[in-house]
Amino acid sequence: MSVFLTTSQSPLVPKYSLEPRFLPPNSSLGRILEKLGICSDISLLRFLLDGIPPKWRDSKLLIRDLKFAEVPVRVYQAKAPSVGQRRGVLYFHGGAGTLGSIMCRYIARKTDSVVVSVGYRLAPEYLYPSQYWDCLNATIHFMRNVEDYQVDPARIILCGDSCGANFATAICQILVSRTDLPKIRAQVLIYPGLQGLDFYLPSYQQNRAVPILFRDRVVYLCLRYLSKDTSVVEDVLKGSHVPEDMKLKYKKWISADNIPEEFKIRGYKPQKPPSYTYKHDVHEVVKQMLEVMFSPLLAEDTIVSQLPESYILTCEFDVLRDDGLLYKKRLEDNGVRVTWYHNEDGFHGVLTLFGYGIFSFPSAKKILDNTVNFIKKL
């Protein structure tokens, strides 16, 4: 699941996204202010996030702001010369600018890679699927010009967190049929949101009220991202937006039956969703959520079987946990090599404050170090 809300930055800093995991406790205040005509809830969220300025300078890195195919990017690479070609990591951020900056610096320093953070256009100013096309165009530009950055074309990695992991997944699927470009070496997916079909999976039940990404907020903010009527949130949560034939078709891939039993112990009781009644009018409003680009977990086996080696990070206290588990199974069932790391203490957005001293969670460093170790082996 992904939603993209602009936060203002200086001209040198790409605009970054604000997504469900950053929903603060006073989001209700934003809706009240919007009804009073003072400001929108999105504006309030932007204001709050702007209060955490990113510290992105690094004496060991050369950091440049460029444009790839008219898409703003920030390129991080070591100042020290390399004896050979480096890896190239395209990073699609999922959170505020602070995360994109710190994450990319950390990966660039620890893995000696050239890291490109893509400043894709954000909603609501730019509508879906503009974000995907920006990420795709920036990726293609980089792949065609890797020699300018001393990058090994055989070691290009797509990486993202949350909605950025959604982008990485979708772009990998798009590129499998391209014969005019280097093959992607690996995809790195950090607590990805990958489907808009079933919001009643075990992790959605177990973590429905776990901060900072609540179950109902996933749907609400996705609808805001798509510029759709948010009054249908409850219908979507119940599954009324999915035609019966589509439910049956994708049940083999998206079902609690495919979630390992050890993930059903904590506070989970098998139960049927609320009475399901398909509503065509609701489907018409949100049908973009069921497109493969928005929900890459729905891609056919003929595509999934061609995907590169994958790394998937899931967190126990995350409503999106099961999206990652289901995609892991799909990849493995199609013969794709998967490295999986599950953080038992983590929650969605735990990386947000990494690098901010006492505000940084210990599990965040574990996640980053595990991710870095995977990239270093490629």
# chains A, B, ... in the order shown; residues from 1 in each chain; ligands from 1
>>> residues_around(residues="Phe167 of chain A", least_positions_apart="2", cutoff="12 Å", atoms="only C-alpha atoms", output="mmCIF file with all heavy atoms, in the first residue's frame")
data_model
loop_
_atom_site.group_PDB
_atom_site.id
_atom_site.type_symbol
_atom_site.label_atom_id
_atom_site.label_comp_id
_atom_site.auth_asym_id
_atom_site.auth_seq_id
_atom_site.Cartn_x
_atom_site.Cartn_y
_atom_site.Cartn_z
ATOM 1 N N MET A 1 0.851 -1.171 0.000
ATOM 2 C CA MET A 1 0.000 0.000 0.000
ATOM 3 C C MET A 1 0.885 1.218 0.000
ATOM 4 O O MET A 1 1.883 1.277 0.682
ATOM 5 C CB MET A 1 -0.839 0.028 1.261
ATOM 6 C CG MET A 1 -1.754 -1.173 1.375
ATOM 7 S SD MET A 1 -2.770 -1.442 -0.072
ATOM 8 C CE MET A 1 -1.724 -2.518 -1.023
ATOM 9 N N SER A 2 0.495 2.198 -0.731
ATOM 10 C CA SER A 2 1.352 3.351 -0.790
ATOM 11 C C SER A 2 0.547 4.627 -0.929
ATOM 12 O O SER A 2 -0.492 4.649 -1.566
ATOM 13 C CB SER A 2 2.302 3.217 -1.983
ATOM 14 O OG SER A 2 1.594 2.855 -3.136
ATOM 15 N N VAL A 3 1.089 5.666 -0.320
ATOM 16 C CA VAL A 3 0.463 6.962 -0.475
ATOM 17 C C VAL A 3 1.556 8.012 -0.420
ATOM 18 O O VAL A 3 2.532 7.852 0.298
ATOM 19 C CB VAL A 3 -0.591 7.224 0.618
ATOM 20 C CG1 VAL A 3 0.014 7.321 1.987
ATOM 21 C CG2 VAL A 3 -1.383 8.476 0.302
ATOM 22 N N LEU A 90 19.683 1.594 -6.791
ATOM 23 C CA LEU A 90 18.629 2.581 -6.968
ATOM 24 C C LEU A 90 17.693 2.463 -5.779
ATOM 25 O O LEU A 90 17.123 1.394 -5.537
ATOM 26 C CB LEU A 90 17.879 2.360 -8.275
ATOM 27 C CG LEU A 90 18.674 2.814 -9.499
ATOM 28 C CD1 LEU A 90 18.675 1.744 -10.563
ATOM 29 C CD2 LEU A 90 18.143 4.127 -10.032
ATOM 30 N N TYR A 91 17.557 3.557 -5.034
ATOM 31 C CA TYR A 91 16.765 3.521 -3.809
ATOM 32 C C TYR A 91 15.497 4.350 -3.972
ATOM 33 O O TYR A 91 15.551 5.536 -4.298
ATOM 34 C CB TYR A 91 17.575 4.055 -2.632
ATOM 35 C CG TYR A 91 16.886 3.805 -1.307
ATOM 36 C CD1 TYR A 91 17.110 2.623 -0.617
ATOM 37 C CD2 TYR A 91 15.981 4.731 -0.776
ATOM 38 C CE1 TYR A 91 16.461 2.364 0.582
ATOM 39 C CE2 TYR A 91 15.332 4.479 0.421
ATOM 40 C CZ TYR A 91 15.575 3.298 1.088
ATOM 41 O OH TYR A 91 14.935 3.047 2.265
ATOM 42 N N PHE A 92 14.350 3.691 -3.735
ATOM 43 C CA PHE A 92 13.056 4.356 -3.809
ATOM 44 C C PHE A 92 12.554 4.537 -2.376
ATOM 45 O O PHE A 92 12.184 3.561 -1.719
ATOM 46 C CB PHE A 92 12.073 3.537 -4.634
ATOM 47 C CG PHE A 92 12.617 3.146 -5.985
ATOM 48 C CD1 PHE A 92 12.627 1.819 -6.390
ATOM 49 C CD2 PHE A 92 13.132 4.103 -6.831
ATOM 50 C CE1 PHE A 92 13.136 1.455 -7.632
ATOM 51 C CE2 PHE A 92 13.646 3.759 -8.078
ATOM 52 C CZ PHE A 92 13.648 2.425 -8.477
ATOM 53 N N HIS A 93 12.565 5.763 -1.893
ATOM 54 C CA HIS A 93 12.212 6.027 -0.509
ATOM 55 C C HIS A 93 10.732 5.802 -0.274
ATOM 56 O O HIS A 93 9.906 5.915 -1.166
ATOM 57 C CB HIS A 93 12.587 7.455 -0.131
ATOM 58 C CG HIS A 93 11.897 8.494 -0.955
ATOM 59 N ND1 HIS A 93 10.601 8.878 -0.718
ATOM 60 C CD2 HIS A 93 12.316 9.206 -2.023
ATOM 61 C CE1 HIS A 93 10.260 9.801 -1.588
ATOM 62 N NE2 HIS A 93 11.269 10.014 -2.398
ATOM 63 N N GLY A 94 10.403 5.487 0.957
ATOM 64 C CA GLY A 94 9.011 5.285 1.305
ATOM 65 C C GLY A 94 8.544 6.248 2.361
ATOM 66 O O GLY A 94 7.376 6.283 2.699
ATOM 67 N N VAL A 118 15.875 8.311 -5.695
ATOM 68 C CA VAL A 118 15.013 8.861 -6.746
ATOM 69 C C VAL A 118 13.936 9.762 -6.143
ATOM 70 O O VAL A 118 13.143 9.321 -5.308
ATOM 71 C CB VAL A 118 14.363 7.724 -7.565
ATOM 72 C CG1 VAL A 118 13.467 8.310 -8.657
ATOM 73 C CG2 VAL A 118 15.444 6.830 -8.176
ATOM 74 N N TYR A 120 10.954 10.929 -6.967
ATOM 75 C CA TYR A 120 9.770 10.837 -7.822
ATOM 76 C C TYR A 120 8.715 11.875 -7.435
ATOM 77 O O TYR A 120 8.656 12.358 -6.311
ATOM 78 C CB TYR A 120 9.176 9.430 -7.745
ATOM 79 C CG TYR A 120 8.882 8.941 -6.348
ATOM 80 C CD1 TYR A 120 7.708 9.291 -5.692
ATOM 81 C CD2 TYR A 120 9.791 8.119 -5.680
ATOM 82 C CE1 TYR A 120 7.439 8.843 -4.408
ATOM 83 C CE2 TYR A 120 9.528 7.673 -4.389
ATOM 84 C CZ TYR A 120 8.352 8.039 -3.764
ATOM 85 O OH TYR A 120 8.089 7.609 -2.486
ATOM 86 N N TYR A 128 -1.339 9.151 -9.482
ATOM 87 C CA TYR A 128 -0.961 7.779 -9.871
ATOM 88 C C TYR A 128 -1.273 7.597 -11.353
ATOM 89 O O TYR A 128 -2.308 8.057 -11.832
ATOM 90 C CB TYR A 128 -1.787 6.813 -9.022
ATOM 91 C CG TYR A 128 -1.798 5.376 -9.497
ATOM 92 C CD1 TYR A 128 -0.842 4.483 -9.041
ATOM 93 C CD2 TYR A 128 -2.775 4.921 -10.378
ATOM 94 C CE1 TYR A 128 -0.865 3.159 -9.457
ATOM 95 C CE2 TYR A 128 -2.789 3.600 -10.799
ATOM 96 C CZ TYR A 128 -1.827 2.730 -10.341
ATOM 97 O OH TYR A 128 -1.843 1.422 -10.755
ATOM 98 N N PRO A 129 -0.376 6.949 -12.129
ATOM 99 C CA PRO A 129 0.865 6.283 -11.702
ATOM 100 C C PRO A 129 2.138 7.074 -11.998
ATOM 101 O O PRO A 129 3.155 6.493 -12.344
ATOM 102 C CB PRO A 129 0.819 5.000 -12.505
ATOM 103 C CG PRO A 129 0.231 5.437 -13.827
ATOM 104 C CD PRO A 129 -0.761 6.540 -13.490
ATOM 105 N N SER A 130 2.094 8.401 -11.892
ATOM 106 C CA SER A 130 3.274 9.217 -12.178
ATOM 107 C C SER A 130 4.498 8.745 -11.407
ATOM 108 O O SER A 130 5.625 8.762 -11.923
ATOM 109 C CB SER A 130 2.995 10.676 -11.820
ATOM 110 O OG SER A 130 1.910 11.193 -12.535
ATOM 111 N N GLN A 131 4.293 8.321 -10.163
ATOM 112 C CA GLN A 131 5.413 7.912 -9.318
ATOM 113 C C GLN A 131 6.150 6.703 -9.907
ATOM 114 O O GLN A 131 7.380 6.639 -9.895
ATOM 115 C CB GLN A 131 4.902 7.574 -7.904
ATOM 116 C CG GLN A 131 4.238 8.746 -7.187
ATOM 117 C CD GLN A 131 2.848 9.076 -7.717
ATOM 118 O OE1 GLN A 131 2.150 8.208 -8.248
ATOM 119 N NE2 GLN A 131 2.443 10.325 -7.565
ATOM 120 N N TYR A 132 5.399 5.757 -10.424
ATOM 121 C CA TYR A 132 6.008 4.569 -11.013
ATOM 122 C C TYR A 132 6.817 4.926 -12.259
ATOM 123 O O TYR A 132 7.927 4.420 -12.452
ATOM 124 C CB TYR A 132 4.935 3.540 -11.375
ATOM 125 C CG TYR A 132 4.243 2.931 -10.187
ATOM 126 C CD1 TYR A 132 3.162 3.568 -9.589
ATOM 127 C CD2 TYR A 132 4.658 1.717 -9.643
ATOM 128 C CE1 TYR A 132 2.510 3.017 -8.500
ATOM 129 C CE2 TYR A 132 4.021 1.156 -8.551
ATOM 130 C CZ TYR A 132 2.940 1.818 -7.985
ATOM 131 O OH TYR A 132 2.299 1.269 -6.897
ATOM 132 N N TRP A 133 6.252 5.789 -13.105
ATOM 133 C CA TRP A 133 6.951 6.150 -14.334
ATOM 134 C C TRP A 133 8.235 6.905 -14.017
ATOM 135 O O TRP A 133 9.257 6.709 -14.690
ATOM 136 C CB TRP A 133 6.055 6.982 -15.236
ATOM 137 C CG TRP A 133 4.798 6.295 -15.672
ATOM 138 C CD1 TRP A 133 3.551 6.828 -15.766
ATOM 139 C CD2 TRP A 133 4.657 4.917 -16.097
ATOM 140 N NE1 TRP A 133 2.645 5.896 -16.205
ATOM 141 C CE2 TRP A 133 3.287 4.715 -16.418
ATOM 142 C CE3 TRP A 133 5.545 3.851 -16.216
ATOM 143 C CZ2 TRP A 133 2.812 3.477 -16.852
ATOM 144 C CZ3 TRP A 133 5.059 2.618 -16.650
ATOM 145 C CH2 TRP A 133 3.713 2.455 -16.961
ATOM 146 N N ASP A 134 8.216 7.777 -13.001
ATOM 147 C CA ASP A 134 9.439 8.485 -12.629
ATOM 148 C C ASP A 134 10.512 7.513 -12.163
ATOM 149 O O ASP A 134 11.678 7.612 -12.560
ATOM 150 C CB ASP A 134 9.147 9.487 -11.509
ATOM 151 C CG ASP A 134 8.436 10.736 -12.004
ATOM 152 O OD1 ASP A 134 8.250 10.857 -13.237
ATOM 153 O OD2 ASP A 134 8.057 11.579 -11.173
ATOM 154 N N CYS A 135 10.123 6.562 -11.320
ATOM 155 C CA CYS A 135 11.094 5.575 -10.837
ATOM 156 C C CYS A 135 11.613 4.711 -11.983
ATOM 157 O O CYS A 135 12.814 4.412 -12.058
ATOM 158 C CB CYS A 135 10.463 4.712 -9.752
ATOM 159 S SG CYS A 135 10.133 5.581 -8.204
ATOM 160 N N LEU A 136 10.730 4.326 -12.885
ATOM 161 C CA LEU A 136 11.141 3.508 -14.025
ATOM 162 C C LEU A 136 12.075 4.283 -14.947
ATOM 163 O O LEU A 136 13.123 3.767 -15.359
ATOM 164 C CB LEU A 136 9.905 3.041 -14.794
ATOM 165 C CG LEU A 136 10.174 2.239 -16.076
ATOM 166 C CD1 LEU A 136 10.913 0.944 -15.759
ATOM 167 C CD2 LEU A 136 8.874 1.940 -16.816
ATOM 168 N N THR A 139 15.456 4.740 -13.438
ATOM 169 C CA THR A 139 16.172 3.457 -13.442
ATOM 170 C C THR A 139 16.762 3.167 -14.816
ATOM 171 O O THR A 139 17.944 2.797 -14.937
ATOM 172 C CB THR A 139 15.222 2.318 -13.031
ATOM 173 O OG1 THR A 139 14.743 2.550 -11.700
ATOM 174 C CG2 THR A 139 15.930 0.973 -13.088
ATOM 175 N N LEU A 158 17.772 -2.903 -7.170
ATOM 176 C CA LEU A 158 16.636 -2.036 -6.881
ATOM 177 C C LEU A 158 16.254 -2.235 -5.427
ATOM 178 O O LEU A 158 16.055 -3.364 -4.975
ATOM 179 C CB LEU A 158 15.442 -2.353 -7.780
ATOM 180 C CG LEU A 158 15.636 -2.163 -9.284
ATOM 181 C CD1 LEU A 158 14.295 -2.268 -10.010
ATOM 182 C CD2 LEU A 158 16.301 -0.835 -9.605
ATOM 183 N N CYS A 159 16.134 -1.131 -4.697
ATOM 184 C CA CYS A 159 15.891 -1.194 -3.259
ATOM 185 C C CYS A 159 14.840 -0.169 -2.869
ATOM 186 O O CYS A 159 14.782 0.928 -3.442
ATOM 187 C CB CYS A 159 17.203 -0.908 -2.519
ATOM 188 S SG CYS A 159 17.092 -0.919 -0.713
ATOM 189 N N GLY A 160 13.995 -0.522 -1.903
ATOM 190 C CA GLY A 160 13.005 0.435 -1.429
ATOM 191 C C GLY A 160 12.394 -0.018 -0.124
ATOM 192 O O GLY A 160 12.445 -1.198 0.229
ATOM 193 N N ASP A 161 11.827 0.934 0.606
ATOM 194 C CA ASP A 161 11.112 0.590 1.834
ATOM 195 C C ASP A 161 9.658 1.010 1.698
ATOM 196 O O ASP A 161 9.339 2.059 1.145
ATOM 197 C CB ASP A 161 11.749 1.274 3.046
ATOM 198 C CG ASP A 161 11.600 2.787 3.027
ATOM 199 O OD1 ASP A 161 12.359 3.450 2.289
ATOM 200 O OD2 ASP A 161 10.728 3.309 3.747
ATOM 201 N N SER A 162 8.770 0.146 2.163
ATOM 202 C CA SER A 162 7.327 0.386 2.159
ATOM 203 C C SER A 162 6.820 0.664 0.748
ATOM 204 O O SER A 162 6.911 -0.196 -0.115
ATOM 205 C CB SER A 162 6.985 1.520 3.124
ATOM 206 O OG SER A 162 5.608 1.538 3.386
ATOM 207 N N CYS A 163 6.299 1.859 0.479
ATOM 208 C CA CYS A 163 5.822 2.123 -0.872
ATOM 209 C C CYS A 163 6.973 2.089 -1.874
ATOM 210 O O CYS A 163 6.789 1.729 -3.037
ATOM 211 C CB CYS A 163 5.086 3.460 -0.944
ATOM 212 S SG CYS A 163 6.120 4.910 -0.666
ATOM 213 N N GLY A 164 8.189 2.435 -1.422
ATOM 214 C CA GLY A 164 9.348 2.339 -2.301
ATOM 215 C C GLY A 164 9.651 0.901 -2.670
ATOM 216 O O GLY A 164 10.111 0.606 -3.778
ATOM 217 N N ALA A 165 9.395 -0.024 -1.740
ATOM 218 C CA ALA A 165 9.549 -1.449 -2.050
ATOM 219 C C ALA A 165 8.486 -1.887 -3.047
ATOM 220 O O ALA A 165 8.730 -2.760 -3.889
ATOM 221 C CB ALA A 165 9.454 -2.275 -0.771
ATOM 222 N N THR A 169 9.422 -3.544 -6.647
ATOM 223 C CA THR A 169 8.785 -4.787 -7.091
ATOM 224 C C THR A 169 8.157 -4.624 -8.464
ATOM 225 O O THR A 169 8.370 -5.441 -9.375
ATOM 226 C CB THR A 169 7.707 -5.217 -6.081
ATOM 227 O OG1 THR A 169 8.282 -5.305 -4.783
ATOM 228 C CG2 THR A 169 7.113 -6.564 -6.460
ATOM 229 N N ALA A 170 7.378 -3.569 -8.627
ATOM 230 C CA ALA A 170 6.695 -3.341 -9.895
ATOM 231 C C ALA A 170 7.681 -3.110 -11.033
ATOM 232 O O ALA A 170 7.504 -3.625 -12.146
ATOM 233 C CB ALA A 170 5.741 -2.151 -9.769
ATOM 234 N N ILE A 171 8.736 -2.357 -10.766
ATOM 235 C CA ILE A 171 9.711 -2.052 -11.816
ATOM 236 C C ILE A 171 10.496 -3.286 -12.208
ATOM 237 O O ILE A 171 10.781 -3.516 -13.387
ATOM 238 C CB ILE A 171 10.625 -0.902 -11.366
ATOM 239 C CG1 ILE A 171 9.811 0.394 -11.312
ATOM 240 C CG2 ILE A 171 11.813 -0.735 -12.297
ATOM 241 C CD1 ILE A 171 10.503 1.531 -10.653
ATOM 242 N N CYS A 172 10.852 -4.115 -11.224
ATOM 243 C CA CYS A 172 11.514 -5.379 -11.554
ATOM 244 C C CYS A 172 10.641 -6.213 -12.479
ATOM 245 O O CYS A 172 11.137 -6.832 -13.430
ATOM 246 C CB CYS A 172 11.819 -6.156 -10.277
ATOM 247 S SG CYS A 172 13.419 -5.772 -9.541
ATOM 248 N N GLN A 173 9.350 -6.239 -12.209
ATOM 249 C CA GLN A 173 8.433 -7.005 -13.048
ATOM 250 C C GLN A 173 8.355 -6.429 -14.451
ATOM 251 O O GLN A 173 8.307 -7.165 -15.442
ATOM 252 C CB GLN A 173 7.054 -7.050 -12.399
ATOM 253 C CG GLN A 173 7.010 -7.842 -11.103
ATOM 254 C CD GLN A 173 5.641 -7.848 -10.458
ATOM 255 O OE1 GLN A 173 4.686 -7.282 -11.000
ATOM 256 N NE2 GLN A 173 5.516 -8.481 -9.296
ATOM 257 N N ILE A 174 8.353 -5.125 -14.559
ATOM 258 C CA ILE A 174 8.293 -4.476 -15.872
ATOM 259 C C ILE A 174 9.550 -4.757 -16.684
ATOM 260 O O ILE A 174 9.491 -4.990 -17.902
ATOM 261 C CB ILE A 174 8.098 -2.951 -15.706
ATOM 262 C CG1 ILE A 174 6.711 -2.650 -15.137
ATOM 263 C CG2 ILE A 174 8.291 -2.222 -17.031
ATOM 264 C CD1 ILE A 174 6.502 -1.197 -14.757
ATOM 265 N N GLN A 187 16.595 -7.497 -6.038
ATOM 266 C CA GLN A 187 15.653 -6.527 -5.494
ATOM 267 C C GLN A 187 15.660 -6.647 -3.967
ATOM 268 O O GLN A 187 15.660 -7.751 -3.425
ATOM 269 C CB GLN A 187 14.250 -6.725 -6.058
ATOM 270 C CG GLN A 187 13.632 -8.091 -5.828
ATOM 271 C CD GLN A 187 12.222 -8.196 -6.379
ATOM 272 O OE1 GLN A 187 11.570 -7.213 -6.688
ATOM 273 N NE2 GLN A 187 11.728 -9.422 -6.507
ATOM 274 N N VAL A 188 15.671 -5.499 -3.297
ATOM 275 C CA VAL A 188 15.705 -5.439 -1.835
ATOM 276 C C VAL A 188 14.427 -4.750 -1.381
ATOM 277 O O VAL A 188 14.221 -3.560 -1.637
ATOM 278 C CB VAL A 188 16.945 -4.670 -1.339
ATOM 279 C CG1 VAL A 188 16.908 -4.500 0.172
ATOM 280 C CG2 VAL A 188 18.222 -5.389 -1.769
ATOM 281 N N LEU A 189 13.564 -5.508 -0.703
ATOM 282 C CA LEU A 189 12.236 -5.030 -0.345
ATOM 283 C C LEU A 189 12.094 -4.959 1.166
ATOM 284 O O LEU A 189 12.042 -5.990 1.844
ATOM 285 C CB LEU A 189 11.170 -5.960 -0.937
ATOM 286 C CG LEU A 189 11.348 -6.343 -2.426
ATOM 287 C CD1 LEU A 189 10.252 -7.307 -2.864
ATOM 288 C CD2 LEU A 189 11.367 -5.103 -3.301
ATOM 289 N N ILE A 190 12.033 -3.749 1.690
ATOM 290 C CA ILE A 190 11.961 -3.524 3.135
ATOM 291 C C ILE A 190 10.521 -3.214 3.517
ATOM 292 O O ILE A 190 9.943 -2.249 3.049
ATOM 293 C CB ILE A 190 12.896 -2.372 3.552
ATOM 294 C CG1 ILE A 190 14.340 -2.724 3.175
ATOM 295 C CG2 ILE A 190 12.779 -2.089 5.046
ATOM 296 C CD1 ILE A 190 15.318 -1.586 3.357
ATOM 297 N N PRO A 192 7.519 -4.310 2.538
ATOM 298 C CA PRO A 192 6.752 -3.861 1.368
ATOM 299 C C PRO A 192 5.245 -3.978 1.545
ATOM 300 O O PRO A 192 4.745 -4.860 2.251
ATOM 301 C CB PRO A 192 7.231 -4.819 0.271
ATOM 302 C CG PRO A 192 7.522 -6.094 1.007
ATOM 303 C CD PRO A 192 8.121 -5.642 2.332
ATOM 304 N N GLY A 193 4.533 -3.082 0.892
ATOM 305 C CA GLY A 193 3.084 -3.192 0.730
ATOM 306 C C GLY A 193 2.814 -3.567 -0.710
ATOM 307 O O GLY A 193 3.215 -2.844 -1.622
ATOM 308 N N LEU A 194 2.162 -4.700 -0.934
ATOM 309 C CA LEU A 194 2.148 -5.264 -2.289
ATOM 310 C C LEU A 194 0.780 -5.615 -2.833
ATOM 311 O O LEU A 194 0.678 -6.113 -3.957
ATOM 312 C CB LEU A 194 3.033 -6.530 -2.319
ATOM 313 C CG LEU A 194 4.506 -6.315 -1.944
ATOM 314 C CD1 LEU A 194 5.227 -7.652 -1.838
ATOM 315 C CD2 LEU A 194 5.197 -5.428 -2.968
ATOM 316 N N VAL A 292 -2.116 -4.603 -11.390
ATOM 317 C CA VAL A 292 -0.855 -5.269 -11.049
ATOM 318 C C VAL A 292 0.226 -4.257 -10.690
ATOM 319 O O VAL A 292 1.071 -4.527 -9.824
ATOM 320 C CB VAL A 292 -0.397 -6.184 -12.199
ATOM 321 C CG1 VAL A 292 0.992 -6.755 -11.915
ATOM 322 C CG2 VAL A 292 -1.394 -7.313 -12.411
ATOM 323 N N MET A 293 0.204 -3.096 -11.296
ATOM 324 C CA MET A 293 1.217 -2.100 -10.960
ATOM 325 C C MET A 293 1.081 -1.666 -9.503
ATOM 326 O O MET A 293 2.068 -1.559 -8.782
ATOM 327 C CB MET A 293 1.113 -0.884 -11.879
ATOM 328 C CG MET A 293 2.175 0.175 -11.604
ATOM 329 S SD MET A 293 2.135 1.549 -12.772
ATOM 330 C CE MET A 293 2.753 0.752 -14.242
ATOM 331 N N PHE A 294 -0.137 -1.428 -9.049
ATOM 332 C CA PHE A 294 -0.376 -1.026 -7.670
ATOM 333 C C PHE A 294 -0.247 -2.222 -6.730
ATOM 334 O O PHE A 294 0.215 -2.078 -5.596
ATOM 335 C CB PHE A 294 -1.776 -0.413 -7.552
ATOM 336 C CG PHE A 294 -2.052 0.261 -6.240
ATOM 337 C CD1 PHE A 294 -1.847 1.622 -6.089
ATOM 338 C CD2 PHE A 294 -2.524 -0.459 -5.155
ATOM 339 C CE1 PHE A 294 -2.105 2.261 -4.882
ATOM 340 C CE2 PHE A 294 -2.785 0.169 -3.942
ATOM 341 C CZ PHE A 294 -2.568 1.527 -3.803
ATOM 342 N N SER A 295 -0.652 -3.388 -7.197
ATOM 343 C CA SER A 295 -0.629 -4.618 -6.390
ATOM 344 C C SER A 295 0.206 -5.682 -7.090
ATOM 345 O O SER A 295 -0.306 -6.658 -7.639
ATOM 346 C CB SER A 295 -2.060 -5.140 -6.182
ATOM 347 O OG SER A 295 -2.840 -4.223 -5.459
ATOM 348 N N PRO A 296 1.552 -5.529 -7.090
ATOM 349 C CA PRO A 296 2.414 -6.454 -7.835
ATOM 350 C C PRO A 296 2.387 -7.887 -7.324
ATOM 351 O O PRO A 296 2.877 -8.793 -8.004
ATOM 352 C CB PRO A 296 3.810 -5.832 -7.694
ATOM 353 C CG PRO A 296 3.717 -4.953 -6.493
ATOM 354 C CD PRO A 296 2.313 -4.449 -6.456
ATOM 355 N N LEU A 297 1.795 -8.110 -6.160
ATOM 356 C CA LEU A 297 1.622 -9.484 -5.670
ATOM 357 C C LEU A 297 0.697 -10.269 -6.582
ATOM 358 O O LEU A 297 0.671 -11.505 -6.555
ATOM 359 C CB LEU A 297 1.066 -9.450 -4.244
ATOM 360 C CG LEU A 297 0.970 -10.751 -3.447
ATOM 361 C CD1 LEU A 297 2.269 -11.526 -3.455
ATOM 362 C CD2 LEU A 297 0.534 -10.460 -2.025
#
>>> residues_around(residues="segment 61-74 of chain A", least_positions_apart="2", cutoff="7 Å", atoms="only C-alpha atoms", output="number ranges by chain")
A: 12, 14, 58-59, 76-79, 116-120, 134, 137-138, 141
>>> write_last_selection(atoms="C-alpha atoms", output="PDB file, in the first residue's frame")
ATOM      1  CA  LEU A  12      18.557  21.017  -3.631  1.00  0.00           C
ATOM      2  CA  PRO A  14      14.154  16.153  -3.818  1.00  0.00           C
ATOM      3  CA  ASP A  58      29.097  13.295   4.829  1.00  0.00           C
ATOM      4  CA  SER A  59      32.836  13.934   4.611  1.00  0.00           C
ATOM      5  CA  TYR A  76      25.852   9.088  -3.179  1.00  0.00           C
ATOM      6  CA  GLN A  77      29.295   7.633  -3.863  1.00  0.00           C
ATOM      7  CA  ALA A  78      32.558   7.313  -1.986  1.00  0.00           C
ATOM      8  CA  LYS A  79      35.154  10.029  -2.558  1.00  0.00           C
ATOM      9  CA  VAL A 116      20.849   6.793  -6.329  1.00  0.00           C
ATOM     10  CA  SER A 117      17.886   8.144  -4.364  1.00  0.00           C
ATOM     11  CA  VAL A 118      15.013   8.861  -6.746  1.00  0.00           C
ATOM     12  CA  GLY A 119      12.923  11.974  -6.085  1.00  0.00           C
ATOM     13  CA  TYR A 120       9.770  10.837  -7.822  1.00  0.00           C
ATOM     14  CA  ASP A 134       9.439   8.485 -12.629  1.00  0.00           C
ATOM     15  CA  ASN A 137      12.552   6.312 -16.194  1.00  0.00           C
ATOM     16  CA  ALA A 138      15.256   7.142 -13.659  1.00  0.00           C
ATOM     17  CA  HIS A 141      18.562   6.222 -17.495  1.00  0.00           C
TER      18      HIS A 141
END
>>> closest_residue(among="A:Leu197, A:Phe317, A:Gln206, A:Leu326", to="Leu248 of chain A", atoms="only C-alpha atoms")
A:Leu197
>>> select_by_dssp(residues="segment 85-221 of chain A", states="strand (DSSP E)", output="MDAnalysis selection string")
chainID A and resid 86:92 114:118 151:161 186:190
>>> residues_around(residues="segment 282-289 of chain A", least_positions_apart="4", cutoff="7 Å", atoms="only C-alpha atoms", output="PDB file with N, CA and C atoms, in the first residue's frame")
ATOM      1  N   GLY A 196      -3.763  -4.673  -2.738  1.00  0.00           N
ATOM      2  CA  GLY A 196      -4.919  -3.936  -2.250  1.00  0.00           C
ATOM      3  C   GLY A 196      -6.190  -4.745  -2.319  1.00  0.00           C
ATOM      4  N   LYS A 228      -9.387   9.420  -4.487  1.00  0.00           N
ATOM      5  CA  LYS A 228     -10.699   8.788  -4.531  1.00  0.00           C
ATOM      6  C   LYS A 228     -11.504   9.143  -3.280  1.00  0.00           C
ATOM      7  N   VAL A 232     -15.582   5.284   1.219  1.00  0.00           N
ATOM      8  CA  VAL A 232     -15.708   3.848   0.948  1.00  0.00           C
ATOM      9  C   VAL A 232     -14.707   3.019   1.752  1.00  0.00           C
ATOM     10  N   HIS A 241     -14.990  -4.301  -2.533  1.00  0.00           N
ATOM     11  CA  HIS A 241     -14.491  -3.742  -3.792  1.00  0.00           C
ATOM     12  C   HIS A 241     -13.986  -4.814  -4.751  1.00  0.00           C
ATOM     13  N   VAL A 242     -13.970  -6.068  -4.308  1.00  0.00           N
ATOM     14  CA  VAL A 242     -13.379  -7.142  -5.119  1.00  0.00           C
ATOM     15  C   VAL A 242     -14.468  -8.053  -5.670  1.00  0.00           C
ATOM     16  N   PHE A 294      -0.137  -1.428  -9.049  1.00  0.00           N
ATOM     17  CA  PHE A 294      -0.376  -1.026  -7.670  1.00  0.00           C
ATOM     18  C   PHE A 294      -0.247  -2.222  -6.730  1.00  0.00           C
ATOM     19  N   SER A 295      -0.652  -3.388  -7.197  1.00  0.00           N
ATOM     20  CA  SER A 295      -0.629  -4.618  -6.390  1.00  0.00           C
ATOM     21  C   SER A 295       0.206  -5.682  -7.090  1.00  0.00           C
TER      22      SER A 295
END
